[in-house]
Amino acid sequence: MTSSRPDSILLVIGTQNRKKGEEMAELIHPTWEPNPHLARLSIGTLADHPEVADVVEDADTFGGNARKKASETARNLRSWVLADDSGLAVDALKGAPGVLSARYAGEHGDDEANNHKLLEALAALNDSQRGAAFVCHLALADPDGTIRLESEGACRGRITRAPQGANGFGYDPLFLIPEYHKTFGELNAVVKRQLSHRARAFGRFRNDLVRLIASNSMG
């Protein structure tokens with residue numbers, strides 16, 4: 001995903017989803033914030049490692065799942081691994097789909113089915129009752145599986161009555177940012193980078209990652 005150099009540090013993003021991996025790689029080392037320490041990172045994803053088995057995401061919090069994915073995958077690959085657990089927490093559903101966001105309708109990663117189920121669950125509610133938050137928890141594990149860094153970010157919005165826009169993935173076409181009158185599926189990448197739960201989590205994470213690299217703790 002990024003080119004290597006003689007002093008490069010391999011960092012694997014713990015996802016098979018290339019689109020999500022590309023977004024996360026850009027947030028780790030943004031082109032709009034050049035940094036010599038972050039430039040040392042050679043970033044890949046689990047799509048490059050089909051031999052690695054999926055981690056069972058059975059924790060009851062986003063943080064628990066992120067830590068488990070990062071730690072188990074790092075030990076399997078003997079590499080630094082950054083994992084996230086992100087999802088949608090809907091107020092009227094008492095935080096659901098939450099950690100089950102990717103498999104809300106039963107099959108992991110079926111965005112269309114997940115969106116349809118969510119719209120059905122909220123069909124009787126008016127706009128003021130459709131508040132929700134996207135949450136992202138990041139965890140970085142070293143090659144021994146020890147968690148070295150964590151960060152979390154959230155973004156508030158509202159669930160629309162039908163998908164709007166083709167950008168992003170998951171629940172993005174249903175998640176409306178009222179101030180912009182657009183969903184994540186409609187917003188351009190520049191605006192989304194400033195607003196999203198993932199962008200906010202990475203904004204906190206990058207400074208800690210730079211310090212870790214600068215201390216030569218990552219090799």
# chains A, B, ... in the order shown; residues from 1 in each chain; ligands from 1

$ select_by_dssp --residues "segment 2-53 of chain A" --states "strand (DSSP E)" --output "ChimeraX atom specification"
/A:9-13,41-45

$ residues_around --residues "Ile213 of chain A" --least-positions-apart "2" --cutoff "12 Å" --atoms "only C-alpha atoms" --output "JSON, numbers by chain"
{"A": [7, 8, 9, 10, 11, 35, 36, 37, 38, 39, 40, 41, 80, 148, 149, 206, 207, 208, 209, 210, 211, 215, 216, 217, 218, 219]}

$ residues_around --residues "Leu138 of chain A" --least-positions-apart "3" --cutoff "12 Å" --atoms "only C-alpha atoms" --output "number ranges by chain"
A: 13-14, 24, 27-28, 62-71, 81-86, 135, 141, 147-154, 197-206, 208-209

$ select_by_dssp --residues "segment 44-145 of chain A" --states "alpha helix (DSSP H)" --output "PyMOL selection string"
chain A and resi 62-77+111-121

$ write_last_selection --atoms "C-alpha atoms" --output "short mmCIF file (atom, residue, chain, number, x, y, z; two decimals), in the first residue's frame"
data_model
loop_
_atom_site.label_atom_id
_atom_site.label_comp_id
_atom_site.auth_asym_id
_atom_site.auth_seq_id
_atom_site.Cartn_x
_atom_site.Cartn_y
_atom_site.Cartn_z
CA PHE A 62 -15.17 -1.68 20.54
CA GLY A 63 -11.97 -1.40 22.56
CA GLY A 64 -12.01 -5.07 23.50
CA ASN A 65 -12.37 -6.18 19.90
CA ALA A 66 -9.68 -3.79 18.64
CA ARG A 67 -7.20 -5.00 21.25
CA LYS A 68 -7.96 -8.64 20.53
CA LYS A 69 -7.61 -8.24 16.75
CA ALA A 70 -4.36 -6.31 17.03
CA SER A 71 -2.77 -8.64 19.57
CA GLU A 72 -3.66 -11.98 17.97
CA THR A 73 -2.81 -10.83 14.44
CA ALA A 74 0.52 -9.34 15.54
CA ARG A 75 1.55 -12.61 17.16
CA ASN A 76 0.57 -14.57 14.05
CA LEU A 77 2.48 -12.28 11.68
CA ASP A 111 -23.73 -3.58 3.85
CA GLU A 112 -27.00 -3.64 1.93
CA ALA A 113 -28.64 -6.10 4.33
CA ASN A 114 -27.33 -4.25 7.39
CA ASN A 115 -28.66 -0.93 6.12
CA HIS A 116 -32.04 -2.44 5.29
CA LYS A 117 -32.39 -3.96 8.77
CA LEU A 118 -31.46 -0.66 10.42
CA LEU A 119 -34.00 1.29 8.39
CA GLU A 120 -36.70 -1.23 9.28
CA ALA A 121 -35.85 -0.98 12.97
#

$ closest_residue --among "A:Gly21, A:Gly170, A:Phe184, A:Pro30" --to "Asp110 of chain A" --atoms "only C-alpha atoms"
A:Gly170

$ atom_distance --atom1 "atom CA of Ser79 of chain A" --atom2 "atom CA of Asp144 of chain A"
8.0 Å

$ atom_distance --atom1 "atom CA of Ala92 of chain A" --atom2 "atom CA of Ala123 of chain A"
11.4 Å

$ closest_residue --among "A:Cys136, A:Arg156, A:Arg5, A:Gln16" --to "Pro50 of chain A" --atoms "only C-alpha atoms"
A:Gln16

$ closest_residue --among "A:Pro178, A:Pro6, A:Gly44, A:Gly109" --to "Gly157 of chain A" --atoms "only C-alpha atoms"
A:Pro178

$ closest_residue --among "A:Ser42, A:Asn188, A:Ala132, A:His137" --to "Leu174 of chain A" --atoms "only C-alpha atoms"
A:Ala132

$ closest_atom_pairs --of "segment 57-93 of chain A" --to "segment 101-106 of chain A" --cutoff "9 Å" --atoms "only C-alpha atoms" --output "CSV"
residue,atom,partner,partner_atom,distance
A:Ser86,CA,A:Ser101,CA,8.0
A:Gly87,CA,A:Ser101,CA,5.3
A:Leu88,CA,A:Ser101,CA,6.2
A:Ala89,CA,A:Ser101,CA,8.4

$ residues_around --residues "Leu176 of chain A" --least-positions-apart "5" --cutoff "9 Å" --atoms "only C-alpha atoms" --output "compact mmCIF listing (two decimals) with C-alpha atoms, in the first residue's frame"
# COMPACT_ATOMS: atom_id res chain seq x y z
CA ARG A 156 -22.54 12.36 16.17
CA GLY A 157 -25.19 12.38 13.46
CA ARG A 158 -28.66 11.15 12.50
CA ILE A 159 -29.96 8.16 10.55
CA THR A 160 -31.75 9.04 7.32
CA GLN A 164 -28.02 8.87 0.18
CA HIS A 181 -27.19 18.34 5.27
CA LYS A 182 -25.29 15.40 3.77
CA THR A 183 -24.51 11.82 4.68
CA PHE A 184 -21.04 10.32 4.83
CA GLY A 185 -22.02 8.73 1.53

$ atom_distance --atom1 "atom CA of Pro97 of chain A" --atom2 "atom CA of Asp54 of chain A"
20.6 Å
